[in-house]
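Student: Contents are CSV, C-alpha atoms; file name my_file_24.csv:
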```
chain,number,residue,atom,x,y,z
Y,1,MET,CA,8.5,0.5,-54.7
Y,2,ALA,CA,10.3,0.9,-51.5
Y,3,ALA,CA,7.7,-1.1,-49.6
Y,4,GLY,CA,7.9,-3.8,-52.1
Y,5,THR,CA,11.7,-4.0,-51.9
Y,6,MET,CA,11.4,-4.1,-48.1
Y,7,LEU,CA,9.0,-7.0,-48.2
Y,8,ALA,CA,11.2,-8.8,-50.7
Y,9,ASN,CA,14.2,-8.3,-48.4
Y,10,GLU,CA,12.2,-9.6,-45.4
Y,11,ALA,CA,11.2,-12.7,-47.5
Y,12,VAL,CA,14.8,-13.3,-48.5
Y,13,ALA,CA,16.5,-12.6,-45.2
Y,14,PRO,CA,16.9,-15.8,-43.2
Y,15,SER,CA,15.5,-16.0,-39.7
Y,16,GLY,CA,17.6,-16.5,-36.6
Y,17,GLU,CA,16.7,-20.1,-36.4
Y,18,GLN,CA,17.7,-20.6,-40.0
Y,19,LEU,CA,21.0,-18.9,-39.4
Y,20,LEU,CA,21.7,-21.0,-36.3
Y,21,GLU,CA,20.9,-24.2,-38.2
Y,22,ALA,CA,23.3,-23.2,-41.0
Y,23,ALA,CA,25.9,-22.4,-38.3
Y,24,VAL,CA,25.5,-25.9,-36.9
Y,25,HIS,CA,26.2,-27.4,-40.3
Y,26,ALA,CA,29.1,-25.1,-41.0
Y,27,HIS,CA,30.9,-24.8,-37.7
Y,28,SER,CA,30.0,-27.7,-35.4
Y,29,ARG,CA,33.1,-29.7,-36.3
Y,30,LEU,CA,35.4,-26.7,-35.5
Y,31,ILE,CA,33.5,-26.1,-32.3
Y,32,TYR,CA,34.0,-29.7,-31.3
Y,33,ARG,CA,37.7,-29.5,-32.0
Y,34,VAL,CA,38.1,-26.3,-30.1
Y,35,ALA,CA,36.4,-28.0,-27.1
Y,36,TYR,CA,38.4,-31.1,-27.5
Y,37,SER,CA,41.7,-29.2,-27.7
Y,38,ILE,CA,41.1,-28.2,-24.1
Y,39,LEU,CA,39.2,-31.1,-22.6
Y,40,ARG,CA,40.9,-34.0,-24.5
Y,41,ASN,CA,37.8,-36.0,-24.0
Y,42,HIS,CA,35.2,-36.9,-26.7
Y,43,HIS,CA,32.1,-36.9,-24.4
Y,44,ASP,CA,33.0,-33.6,-22.8
Y,45,ALA,CA,33.8,-32.1,-26.1
Y,46,GLU,CA,30.4,-33.1,-27.5
Y,47,ASP,CA,28.7,-31.7,-24.5
Y,48,VAL,CA,30.4,-28.4,-24.8
Y,49,THR,CA,29.6,-28.3,-28.5
Y,50,GLN,CA,25.9,-28.8,-27.8
Y,51,GLU,CA,26.0,-26.3,-25.0
Y,52,THR,CA,27.6,-23.8,-27.3
Y,53,PHE,CA,24.7,-23.9,-29.8
Y,54,VAL,CA,22.2,-23.9,-27.0
Y,55,ARG,CA,23.7,-20.6,-25.7
Y,56,ALA,CA,23.7,-19.3,-29.2
Y,57,LEU,CA,20.0,-20.1,-29.3
Y,58,ARG,CA,19.4,-17.5,-26.5
Y,59,HIS,CA,20.7,-14.8,-28.9
Y,60,VAL,CA,18.8,-16.1,-31.9
Y,61,ARG,CA,17.1,-12.8,-32.6
Y,62,LYS,CA,20.5,-11.0,-32.8
Y,63,LEU,CA,22.4,-13.6,-34.9
Y,64,ASP,CA,22.0,-11.5,-38.0
Y,65,GLN,CA,24.0,-8.7,-36.3
Y,66,ILE,CA,27.1,-11.0,-35.6
Y,67,GLU,CA,29.9,-10.3,-38.0
Y,68,ASP,CA,32.1,-13.4,-37.6
Y,69,MET,CA,29.8,-16.3,-36.6
Y,70,ARG,CA,32.6,-18.8,-36.5
Y,71,ALA,CA,34.9,-16.8,-34.2
Y,72,TRP,CA,31.9,-15.9,-32.0
Y,73,LEU,CA,30.9,-19.6,-31.6
Y,74,ALA,CA,34.5,-20.7,-31.0
Y,75,ARG,CA,34.8,-18.1,-28.3
Y,76,ILE,CA,31.7,-19.4,-26.5
Y,77,ALA,CA,33.0,-22.9,-26.8
Y,78,TRP,CA,36.4,-21.9,-25.5
Y,79,ARG,CA,34.9,-20.3,-22.4
Y,80,ILE,CA,32.5,-23.2,-21.7
Y,81,ALA,CA,35.4,-25.7,-22.1
Y,82,LEU,CA,37.6,-23.7,-19.8
Y,83,ASP,CA,34.9,-23.7,-17.2
Y,84,ARG,CA,34.4,-27.4,-17.5
Y,85,LYS,CA,38.1,-28.3,-17.6
Y,86,PRO,CA,39.1,-30.4,-14.5
Y,87,SER,CA,42.4,-29.7,-12.9
Y,88,SER,CA,43.7,-32.9,-14.4
Y,89,SER,CA,41.9,-34.7,-17.2
Y,90,PRO,CA,42.8,-38.4,-17.1
Y,91,MET,CA,42.8,-40.3,-20.4
Y,92,THR,CA,39.8,-42.5,-20.9
Y,93,MET,CA,39.8,-46.1,-22.3
Y,94,ASP,CA,38.1,-44.8,-25.4
Y,95,ASP,CA,40.9,-42.5,-26.1
Y,96,LEU,CA,43.6,-45.2,-25.6
Y,97,GLU,CA,41.8,-47.6,-27.9
Y,98,GLU,CA,41.3,-44.9,-30.5
Y,99,ARG,CA,45.0,-44.0,-30.5
Y,100,GLY,CA,45.9,-47.6,-30.9
Y,101,GLU,CA,43.7,-47.9,-33.9
Y,102,GLU,CA,45.1,-44.8,-35.4
Y,103,ALA,CA,48.6,-46.0,-35.0
Y,104,ARG,CA,47.8,-49.4,-36.5
Y,105,SER,CA,46.1,-47.9,-39.5
Y,106,LEU,CA,49.1,-45.7,-40.5
Y,107,ALA,CA,50.9,-47.0,-43.5
Y,108,VAL,CA,54.3,-46.0,-42.4
Y,109,PRO,CA,57.3,-47.9,-41.1
Y,110,ALA,CA,57.0,-49.4,-37.7
Y,111,ASP,CA,59.9,-47.3,-36.2
Y,112,GLU,CA,58.2,-44.0,-37.3
Y,113,VAL,CA,54.9,-45.2,-35.8
Y,114,VAL,CA,56.6,-45.9,-32.6
Y,115,LEU,CA,58.4,-42.6,-32.7
Y,116,GLU,CA,55.2,-40.7,-33.5
Y,117,GLN,CA,53.3,-42.5,-30.7
Y,118,HIS,CA,56.2,-41.7,-28.4
Y,119,LEU,CA,56.1,-38.0,-29.4
Y,120,HIS,CA,52.4,-37.8,-29.0
Y,121,GLY,CA,52.7,-39.3,-25.5
Y,122,LEU,CA,55.4,-36.7,-24.7
Y,123,LEU,CA,53.7,-33.8,-26.2
Y,124,GLY,CA,50.5,-33.9,-24.1
Y,125,PRO,CA,52.3,-33.4,-20.7
Y,126,MET,CA,54.6,-30.8,-22.3
Y,127,ILE,CA,51.7,-28.7,-23.6
Y,128,ALA,CA,49.9,-29.1,-20.3
Y,129,SER,CA,52.9,-27.8,-18.4
Y,130,LEU,CA,52.9,-24.6,-20.4
Y,131,PRO,CA,51.4,-21.5,-18.8
Y,132,MET,CA,47.9,-20.9,-20.0
Y,133,LYS,CA,48.9,-17.7,-21.6
Y,134,LEU,CA,51.1,-19.7,-24.0
Y,135,ARG,CA,49.1,-22.9,-24.0
Y,136,ALA,CA,45.9,-21.4,-25.3
Y,137,PRO,CA,47.2,-20.0,-28.6
Y,138,LEU,CA,49.3,-23.1,-29.2
Y,139,VAL,CA,46.4,-25.5,-28.7
Y,140,LEU,CA,44.2,-23.4,-31.0
Y,141,SER,CA,46.9,-23.2,-33.6
Y,142,THR,CA,46.9,-26.9,-33.9
Y,143,LEU,CA,43.4,-26.6,-35.5
Y,144,GLU,CA,44.1,-26.0,-39.1
Y,145,GLU,CA,40.9,-24.0,-39.6
Y,146,LEU,CA,42.0,-21.2,-37.3
Y,147,SER,CA,44.3,-18.4,-38.4
Y,148,PRO,CA,46.3,-16.3,-36.0
Y,149,ARG,CA,43.6,-13.6,-36.5
Y,150,ASP,CA,40.9,-16.1,-35.5
Y,151,ILE,CA,42.8,-17.2,-32.5
Y,152,GLY,CA,43.2,-13.6,-31.5
Y,153,ALA,CA,39.4,-13.1,-31.8
Y,154,ILE,CA,38.7,-16.1,-29.7
Y,155,LEU,CA,41.2,-15.2,-27.0
Y,156,GLY,CA,40.5,-11.5,-27.1
Y,157,ILE,CA,44.1,-10.5,-28.0
Y,158,ASN,CA,45.6,-9.0,-31.2
Y,159,GLU,CA,47.2,-11.0,-33.9
Y,160,THR,CA,50.7,-9.8,-33.1
Y,161,ALA,CA,50.4,-11.1,-29.5
Y,162,VAL,CA,49.2,-14.4,-30.9
Y,163,ARG,CA,52.2,-14.8,-33.1
Y,164,SER,CA,54.5,-13.8,-30.3
Y,165,ARG,CA,53.0,-16.3,-27.8
Y,166,LEU,CA,53.1,-19.0,-30.4
Y,167,PHE,CA,56.8,-18.4,-31.0
Y,168,ARG,CA,57.6,-18.6,-27.3
Y,169,ALA,CA,55.5,-21.7,-26.8
Y,170,ARG,CA,57.1,-23.5,-29.7
Y,171,ALA,CA,60.5,-22.5,-28.5
Y,172,ILE,CA,59.8,-23.9,-25.0
Y,173,LEU,CA,58.4,-27.1,-26.5
Y,174,ARG,CA,61.4,-27.5,-28.8
Y,175,GLU,CA,63.8,-27.2,-25.9
Y,176,LYS,CA,62.0,-29.7,-23.8
Y,177,LEU,CA,61.5,-32.1,-26.7
Y,178,ALA,CA,65.2,-32.0,-27.6
Y,179,ALA,CA,66.1,-32.6,-24.0
Y,180,ARG,CA,63.8,-35.6,-23.6
Y,181,LEU,CA,64.7,-37.1,-27.0
Y,182,GLY,CA,68.4,-36.5,-26.4
Y,183,LYS,CA,68.1,-38.6,-23.2
Y,184,GLN,CA,66.0,-41.3,-24.6
Y,185,LEU,CA,67.2,-41.8,-28.1
U,1,MET,CA,68.1,-41.0,-35.9
U,2,LYS,CA,70.0,-37.7,-35.9
U,3,LEU,CA,68.3,-35.1,-33.7
U,4,ASP,CA,69.5,-31.7,-35.1
U,5,GLU,CA,67.3,-28.6,-34.9
U,6,PRO,CA,65.5,-28.9,-38.2
U,7,ASN,CA,64.6,-32.5,-37.4
U,8,ILE,CA,63.2,-31.5,-34.0
U,9,ASP,CA,61.2,-28.7,-35.7
U,10,ASN,CA,59.7,-31.1,-38.1
U,11,LEU,CA,58.9,-33.6,-35.4
U,12,LEU,CA,57.3,-30.9,-33.3
U,13,HIS,CA,55.3,-29.6,-36.2
U,14,ALA,CA,54.0,-33.1,-37.1
U,15,ALA,CA,53.3,-33.8,-33.4
U,16,LEU,CA,51.3,-30.6,-33.0
U,17,GLN,CA,49.3,-31.4,-36.2
U,18,HIS,CA,48.5,-34.8,-34.9
U,19,TYR,CA,47.6,-33.2,-31.5
U,20,GLY,CA,44.8,-31.1,-33.2
U,21,GLU,CA,43.6,-33.8,-35.5
U,22,VAL,CA,40.4,-35.2,-34.0
U,23,GLU,CA,37.0,-35.9,-35.6
U,24,PRO,CA,33.7,-36.0,-33.8
U,25,ARG,CA,31.6,-39.1,-33.8
U,26,ALA,CA,29.2,-39.4,-36.7
U,27,GLY,CA,25.9,-37.6,-36.4
U,28,LEU,CA,27.1,-34.7,-34.3
U,29,GLU,CA,25.0,-32.2,-36.3
U,30,LYS,CA,21.9,-34.2,-35.9
U,31,ARG,CA,22.3,-34.5,-32.2
U,32,ILE,CA,22.9,-30.8,-31.9
U,33,LEU,CA,19.9,-29.9,-33.9
U,34,ALA,CA,17.8,-32.4,-31.9
U,35,ARG,CA,18.8,-30.8,-28.7
U,36,LEU,CA,18.2,-27.3,-30.1
U,37,HIS,CA,14.7,-28.4,-31.1
U,38,ALA,CA,14.2,-29.8,-27.6
U,39,VAL,CA,15.2,-26.6,-25.9
U,40,GLU,CA,12.5,-23.9,-25.8
U,41,PRO,CA,13.6,-20.6,-27.1
U,42,ALA,CA,14.1,-18.0,-24.4
U,43,PRO,CA,11.0,-15.8,-24.0
U,44,ARG,CA,11.3,-12.3,-25.2
U,45,ARG,CA,12.1,-10.1,-22.3
U,46,ALA,CA,9.5,-7.5,-21.7
U,47,TRP,CA,10.8,-4.0,-22.2
U,48,TRP,CA,8.3,-2.4,-19.8
U,49,TRP,CA,9.1,-4.3,-16.7
U,50,PRO,CA,11.9,-1.9,-15.5
U,51,LEU,CA,9.4,1.0,-15.9
U,52,VAL,CA,6.8,-0.8,-13.8
U,53,ALA,CA,9.4,-1.7,-11.2
U,54,GLY,CA,10.6,1.8,-11.0
U,55,ALA,CA,7.1,3.2,-10.7
U,56,ALA,CA,6.2,0.7,-8.0
U,57,THR,CA,9.4,1.6,-6.1
U,58,ALA,CA,8.7,5.3,-6.3
U,59,PHE,CA,5.2,4.8,-5.0
U,60,VAL,CA,6.5,2.8,-2.1
U,61,PHE,CA,9.0,5.5,-1.3
U,62,PHE,CA,6.4,8.2,-1.6
U,63,VAL,CA,4.0,6.3,0.8
U,64,SER,CA,6.9,5.7,3.2
U,65,TYR,CA,7.8,9.4,3.1
U,66,LEU,CA,4.3,10.4,3.9
U,67,ARG,CA,4.1,7.9,6.7
U,68,PHE,CA,7.3,8.6,8.5
U,69,ALA,CA,8.2,12.2,7.6
U,70,THR,CA,4.8,13.5,8.8
U,71,ASN,CA,4.7,11.1,11.7
U,72,GLU,CA,1.0,10.5,11.5
U,73,PRO,CA,-1.4,7.9,10.0
U,74,ILE,CA,-1.2,7.8,6.2
U,75,PHE,CA,-5.0,8.3,5.7
U,76,LEU,CA,-4.8,11.7,7.4
U,77,SER,CA,-2.1,12.9,5.1
U,78,LEU,CA,-3.9,11.6,2.1
U,79,ALA,CA,-7.1,13.2,3.3
U,80,ARG,CA,-5.4,16.5,3.7
U,81,ALA,CA,-3.7,16.2,0.3
U,82,THR,CA,-7.0,15.6,-1.5
U,83,PRO,CA,-9.3,18.6,-1.3
U,84,SER,CA,-12.8,17.8,-0.1
U,85,PRO,CA,-15.9,19.9,0.2
U,86,PRO,CA,-16.3,21.7,3.6
U,87,SER,CA,-18.4,19.7,6.0
U,88,ILE,CA,-21.4,21.0,7.9
U,89,ALA,CA,-19.5,20.8,11.2
U,90,LEU,CA,-16.7,22.9,9.7
U,91,VAL,CA,-19.2,25.5,8.4
U,92,ARG,CA,-20.8,25.7,11.9
U,93,ALA,CA,-17.4,26.1,13.6
U,94,ASN,CA,-16.4,28.9,11.2
U,95,ALA,CA,-19.8,30.6,11.8
U,96,LEU,CA,-19.3,30.5,15.5
U,97,LYS,CA,-15.8,31.8,15.2
U,98,ARG,CA,-17.0,34.7,13.1
U,99,HIS,CA,-19.6,35.7,15.7
U,100,GLY,CA,-17.0,35.8,18.5
U,101,SER,CA,-18.1,32.6,20.2
U,102,ASP,CA,-14.5,31.7,20.5
U,103,ARG,CA,-14.3,34.0,23.5
U,104,VAL,CA,-16.4,31.5,25.5
U,105,VAL,CA,-13.8,28.8,25.0
U,106,SER,CA,-11.5,28.4,27.9
U,107,SER,CA,-7.9,29.2,27.6
U,108,SER,CA,-6.8,25.7,28.2
U,109,ARG,CA,-9.0,24.4,25.4
U,110,ARG,CA,-7.9,27.2,23.2
U,111,SER,CA,-4.3,26.3,23.7
U,112,SER,CA,-5.0,22.7,23.0
U,113,THR,CA,-6.7,23.6,19.7
U,114,GLN,CA,-3.8,25.8,18.8
U,115,GLU,CA,-1.3,22.9,19.4
U,116,GLN,CA,-3.2,20.5,17.1
U,117,PRO,CA,-4.9,22.6,14.5
U,118,GLN,CA,-4.7,20.0,11.8
U,119,VAL,CA,-6.5,17.3,13.8
U,120,ALA,CA,-9.3,19.8,14.6
U,121,ALA,CA,-9.6,20.8,11.0
U,122,VAL,CA,-10.1,17.3,9.7
U,123,PRO,CA,-13.6,16.1,10.4
U,124,LYS,CA,-14.1,12.4,11.1
U,125,ALA,CA,-17.4,12.2,9.3
U,126,ASP,CA,-17.4,8.4,9.2
U,127,GLN,CA,-17.0,8.1,13.0
U,128,PHE,CA,-18.9,11.1,14.3
U,129,PRO,CA,-21.8,12.2,12.2
U,130,SER,CA,-22.1,16.0,12.2
U,131,PRO,CA,-25.3,17.6,13.7
U,132,LEU,CA,-27.9,19.4,11.8
U,133,PRO,CA,-27.1,23.0,10.7
U,134,LEU,CA,-28.3,25.9,12.8
U,135,SER,CA,-31.9,26.9,12.1
U,136,GLU,CA,-32.8,30.4,11.3
U,137,GLN,CA,-34.0,31.2,14.8
U,138,GLU,CA,-30.7,29.8,16.2
U,139,GLN,CA,-28.7,31.9,13.9
U,140,MET,CA,-30.7,35.0,14.9
U,141,LEU,CA,-30.1,34.1,18.6
U,142,ALA,CA,-26.4,33.7,18.0
U,143,ARG,CA,-26.3,37.1,16.3
U,144,TYR,CA,-28.2,38.7,19.1
U,145,VAL,CA,-25.9,37.2,21.8
U,146,ALA,CA,-22.9,38.4,19.9
U,147,LYS,CA,-24.3,41.9,19.6
U,148,HIS,CA,-25.8,42.4,23.0
U,149,ARG,CA,-23.9,40.1,25.3
U,150,ASP,CA,-24.6,41.7,28.7
U,151,ARG,CA,-28.3,42.0,28.0
U,152,ALA,CA,-28.4,38.4,26.8
U,153,VAL,CA,-26.6,37.2,29.9
U,154,LEU,CA,-29.2,39.0,32.1
U,155,MET,CA,-32.1,37.6,30.1
U,156,ALA,CA,-30.6,34.1,30.3
U,157,ARG,CA,-30.2,34.4,34.1
U,158,ALA,CA,-33.7,35.7,34.5
U,159,GLN,CA,-35.1,32.9,32.3
U,160,THR,CA,-33.1,30.4,34.2
U,161,GLU,CA,-34.4,31.7,37.5
U,162,LEU,CA,-38.0,31.7,36.2
U,163,ILE,CA,-37.6,28.1,35.0
U,164,ARG,CA,-36.2,27.1,38.4
U,165,VAL,CA,-39.1,28.8,40.3
U,166,GLN,CA,-41.7,27.1,38.1
U,167,GLN,CA,-40.0,23.7,38.7
U,168,GLU,CA,-40.1,24.3,42.4
U,169,ASP,CA,-43.8,25.2,42.3
U,170,ASP,CA,-44.5,22.1,40.3
U,171,SER,CA,-42.7,19.9,42.7
U,172,LYS,CA,-44.6,21.4,45.7
U,173,GLU,CA,-47.9,20.8,44.0
U,174,SER,CA,-47.1,17.2,43.2
U,175,GLY,CA,-45.2,16.5,46.5
U,176,PRO,CA,-48.1,15.1,48.8
U,177,TYR,CA,-49.4,12.8,46.2
U,178,GLU,CA,-46.0,11.3,45.7
U,179,GLN,CA,-45.5,10.7,49.4
U,180,ASP,CA,-49.0,9.4,50.2
U,181,PRO,CA,-51.2,8.6,47.4
U,182,PRO,CA,-55.0,9.3,48.1
U,183,HIS,CA,-56.2,5.9,47.2
U,184,THR,CA,-54.0,4.3,49.9
U,185,ARG,CA,-55.0,6.8,52.6
U,186,GLN,CA,-57.3,5.3,55.3
```
Could you write out this structure as C-alpha cells?

Tutor:
Amino acid sequence: MAAGTMLANEAVAPSGEQLLEAAVHAHSRLIYRVAYSILRNHHDAEDVTQETFVRALRHVRKLDQIEDMRAWLARIAWRIALDRKPSSSPMTMDDLEERGEEARSLAVPADEVVLEQHLHGLLGPMIASLPMKLRAPLVLSTLEELSPRDIGAILGINETAVRSRLFRARAILREKLAARLGKQL
Amino acid sequence: MKLDEPNIDNLLHAALQHYGEVEPRAGLEKRILARLHAVEPAPRRAWWWPLVAGAATAFVFFVSYLRFATNEPIFLSLARATPSPPSIALVRANALKRHGSDRVVSSSRRSSTQEQPQVAAVPKADQFPSPLPLSEQEQMLARYVAKHRDRAVLMARAQTELIRVQQEDDSKESGPYEQDPPHTRQ
C-alpha cells in the first residue's frame, strides 16, 4: 500500500525540468520587467531573463524545494541585472521610437500626451538620481505584479522597510517634480 | 493646469505606472526554452571527491613526514615499518654475537656499529646477496673457539706455522726448475 502510494506520488510529482518549463511560462514576463526596470534596455533585459533561467537550470534538482519560485527567480534576475548595469545607460533608438509610437497611440488629448511624455522624460533622471537604497524598492514597486512583501523578498529586507523606503522615495520625487513643474509650467 | 499636492501625487502615480509598463517582444518564452534546451544540464557533482582528495592529502603528508622527520630515505623507513622474515646474514650475525665473537671486533668498529644500529640491522639483500649459512663443522668450530679460546689460538698458530714451513719446503723443491729448466740446460 505504502509502496504503491509512493510510486504514484513519484509518477505524479513533476521533474525539475518540468517545473522550470512551467516557471518560464508563468514568470518570464515578470523576470523581463524586473530586468528592464534596472537596465532600461530591451536587449539587455532579454539577455538577463534568459540568463536567469539558465542559472535556475543549474539547480534543477532542487527546484521542488523552493517555496516561492517567483520571488526566487526575480531575485536572481535582480542581481544579474545589477551586475550588468552600466554606470550610465544611454537610451537607444529603439526605445525612442517605441515611446513615440506609444504616445501617438494614446487616445487622449494632445496636451495630456505632451504632459505625460514630459513627465516620463523627467521621471527617469529623477529616479536615477535617487540613492540605490530608495531607488530599488521604488523601481520594483512600479511592477504591478510585485507586492511590498515580494519586493522585500527580492531585496532581502522586511516589508516594513520596503514601505518606509517607498514613502521616502516618493516624497523626494514629489518635491523634485513639484519644483521642476513649478518652474516650467 | 493647477499644480496642487493631490495633482502632483496623481501625476507621479501615473508616471510611475507608466515607468514600469513594458512588455517583452513576442516569443520570449520560446527563446528562453530554446536556450535552456541548448544548455547542457550541469553534471551531478560527485559526493566522494572530497573524501578522495582528503585521503590523498593525508597520504602525501604521511609520506612527507616519514621522509623529513626521520631524515632518511623513505624506503628504509617503509622497510622498517613492514616486518620481514629474518635474513640469513642476520641469523649468522646473531649467532656470532651469542658465541662471543663480538669481542674480536675492534673498538672503533664497535663504536661505529653502535652509532648506526638501524643501518646495520637492515640487510640490503638486493645489493649484497648473503653468504651460505654455517655448516655443521663450522658451527662446531665456532663453539670450540668460544669455549677454549687460548688453546684454539695456540692450535691456530701451530697450524699456521706448519703451513708456512710446508710452503717453504715446496718452494725450495721447485726453485731450481723455475730458475733453470732442465730441457734448456746445455

Student: Please list as a ChimeraX atom specification every residue within 6 Å of stretch 67-82 of chain Y, counting all atoms listed in the file and excluding residues in the same chain fewer than 3 positions away.

Tutor: /Y:31,35,52,85,154

Student: Please write the residues from the selection above to a file, keeping C-alpha atoms, as a PDB file, in the frame of the given file.

Tutor:
```pdb
ATOM      1  CA  ILE Y  31      33.500 -26.100 -32.300  1.00  0.00           C
ATOM      2  CA  ALA Y  35      36.400 -28.000 -27.100  1.00  0.00           C
ATOM      3  CA  THR Y  52      27.600 -23.800 -27.300  1.00  0.00           C
ATOM      4  CA  LYS Y  85      38.100 -28.300 -17.600  1.00  0.00           C
ATOM      5  CA  ILE Y 154      38.700 -16.100 -29.700  1.00  0.00           C
TER       6      ILE Y 154
END
```

Student: Taking only C-alpha atoms into account, produce a table as a tab-separated table in which each residue of chain Y with an atom at most 9 Å from an atom of chain U appears once, together with its shortest atom pair and the distance in Å to one decimal, ordered by chain and rising number.

Tutor:
```
residue	atom	partner	partner_atom	distance
Y:Glu21	CA	U:Leu33	CA	7.2
Y:Val24	CA	U:Glu29	CA	6.3
Y:His25	CA	U:Glu29	CA	6.4
Y:Ser28	CA	U:Glu29	CA	6.8
Y:Arg29	CA	U:Pro24	CA	6.8
Y:Tyr32	CA	U:Pro24	CA	6.8
Y:Arg33	CA	U:Val22	CA	6.6
Y:Val34	CA	U:Gly20	CA	8.8
Y:Tyr36	CA	U:Val22	CA	7.9
Y:Ser37	CA	U:Gly20	CA	6.6
Y:His42	CA	U:Pro24	CA	7.3
Y:Ala45	CA	U:Pro24	CA	8.6
Y:Glu46	CA	U:Pro24	CA	7.7
Y:Thr49	CA	U:Ile32	CA	7.9
Y:Gln50	CA	U:Ile32	CA	5.5
Y:Glu51	CA	U:Ile32	CA	8.8
Y:Phe53	CA	U:Leu36	CA	7.3
Y:Val54	CA	U:Leu36	CA	6.1
Y:Leu57	CA	U:Pro41	CA	6.8
Y:Arg58	CA	U:Ala42	CA	5.7
Y:His59	CA	U:Ala42	CA	8.6
Y:Val60	CA	U:Pro41	CA	8.4
Y:Glu116	CA	U:Ala15	CA	7.2
Y:Leu119	CA	U:Ala15	CA	6.4
Y:His120	CA	U:Ala15	CA	6.0
Y:Leu123	CA	U:Ala15	CA	7.2
Y:Gly124	CA	U:Tyr19	CA	8.0
Y:Leu138	CA	U:Leu16	CA	8.6
Y:Val139	CA	U:Gly20	CA	7.4
Y:Leu140	CA	U:Gly20	CA	8.0
Y:Ser141	CA	U:Gly20	CA	8.2
Y:Thr142	CA	U:Gly20	CA	4.7
Y:Leu143	CA	U:Gly20	CA	5.2
Y:Glu144	CA	U:Gly20	CA	7.8
Y:Arg170	CA	U:Leu12	CA	8.2
Y:Leu173	CA	U:Leu12	CA	7.9
Y:Arg174	CA	U:Ile8	CA	6.8
Y:Leu177	CA	U:Ile8	CA	7.5
Y:Ala178	CA	U:Ile8	CA	6.7
Y:Leu181	CA	U:Leu3	CA	7.9
Y:Gly182	CA	U:Leu3	CA	7.4
Y:Leu185	CA	U:Met1	CA	7.9
```

Student: Include C-alpha atoms and write out the residues we just selected as an mmCIF file, keeping the file's coordinate frame.

Tutor:
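Saved file again.cif follows:
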```
data_model
loop_
_atom_site.group_PDB
_atom_site.id
_atom_site.type_symbol
_atom_site.label_atom_id
_atom_site.label_comp_id
_atom_site.auth_asym_id
_atom_site.auth_seq_id
_atom_site.Cartn_x
_atom_site.Cartn_y
_atom_site.Cartn_z
ATOM 1 C CA GLU Y 21 20.900 -24.200 -38.200
ATOM 2 C CA VAL Y 24 25.500 -25.900 -36.900
ATOM 3 C CA HIS Y 25 26.200 -27.400 -40.300
ATOM 4 C CA SER Y 28 30.000 -27.700 -35.400
ATOM 5 C CA ARG Y 29 33.100 -29.700 -36.300
ATOM 6 C CA TYR Y 32 34.000 -29.700 -31.300
ATOM 7 C CA ARG Y 33 37.700 -29.500 -32.000
ATOM 8 C CA VAL Y 34 38.100 -26.300 -30.100
ATOM 9 C CA TYR Y 36 38.400 -31.100 -27.500
ATOM 10 C CA SER Y 37 41.700 -29.200 -27.700
ATOM 11 C CA HIS Y 42 35.200 -36.900 -26.700
ATOM 12 C CA ALA Y 45 33.800 -32.100 -26.100
ATOM 13 C CA GLU Y 46 30.400 -33.100 -27.500
ATOM 14 C CA THR Y 49 29.600 -28.300 -28.500
ATOM 15 C CA GLN Y 50 25.900 -28.800 -27.800
ATOM 16 C CA GLU Y 51 26.000 -26.300 -25.000
ATOM 17 C CA PHE Y 53 24.700 -23.900 -29.800
ATOM 18 C CA VAL Y 54 22.200 -23.900 -27.000
ATOM 19 C CA LEU Y 57 20.000 -20.100 -29.300
ATOM 20 C CA ARG Y 58 19.400 -17.500 -26.500
ATOM 21 C CA HIS Y 59 20.700 -14.800 -28.900
ATOM 22 C CA VAL Y 60 18.800 -16.100 -31.900
ATOM 23 C CA GLU Y 116 55.200 -40.700 -33.500
ATOM 24 C CA LEU Y 119 56.100 -38.000 -29.400
ATOM 25 C CA HIS Y 120 52.400 -37.800 -29.000
ATOM 26 C CA LEU Y 123 53.700 -33.800 -26.200
ATOM 27 C CA GLY Y 124 50.500 -33.900 -24.100
ATOM 28 C CA LEU Y 138 49.300 -23.100 -29.200
ATOM 29 C CA VAL Y 139 46.400 -25.500 -28.700
ATOM 30 C CA LEU Y 140 44.200 -23.400 -31.000
ATOM 31 C CA SER Y 141 46.900 -23.200 -33.600
ATOM 32 C CA THR Y 142 46.900 -26.900 -33.900
ATOM 33 C CA LEU Y 143 43.400 -26.600 -35.500
ATOM 34 C CA GLU Y 144 44.100 -26.000 -39.100
ATOM 35 C CA ARG Y 170 57.100 -23.500 -29.700
ATOM 36 C CA LEU Y 173 58.400 -27.100 -26.500
ATOM 37 C CA ARG Y 174 61.400 -27.500 -28.800
ATOM 38 C CA LEU Y 177 61.500 -32.100 -26.700
ATOM 39 C CA ALA Y 178 65.200 -32.000 -27.600
ATOM 40 C CA LEU Y 181 64.700 -37.100 -27.000
ATOM 41 C CA GLY Y 182 68.400 -36.500 -26.400
ATOM 42 C CA LEU Y 185 67.200 -41.800 -28.100
#
```

Student: Kindly give the distance, in Å, that separates atom CA of Y:Leu39 and atom CA of U:Gly27, rounded to a single decimal.

Tutor: 20.2 Å

Student: State, in Å with one decimal place, the distance from atom CA of Y:Gln18 to atom CA of U:Trp48.

Tutor: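 Computing the Euclidean distance for atom CA of Y:Gln18 and atom CA of U:Trp48 yields 28.8 Å.
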
Student: Atom CA of Y:Leu63 and atom CA of Y:Leu20 are how many Å apart?

Tutor: 7.6 Å

Student: Given the choices Y:Leu30, Y:Leu19, Y:Ile157, Y:Arg40, which gets closest to Y:Ala128 if the distance is worked out from all atoms listed in the file?

Tutor: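 Between Y:Leu30, Y:Leu19, Y:Ile157, Y:Arg40, the residue approaching Y:Ala128 most closely is Y:Arg40.
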
Student: What lies within 9 Å of Y:Leu134 using all atoms listed in the file, ignoring chain neighbours under 2 positions off, as a list in words?

Tutor: Leu130, Pro131, Met132, Ala136, Pro137, Leu138, Val139, Val162, Arg165, Leu166, Arg168 and Ala169 of chain Y
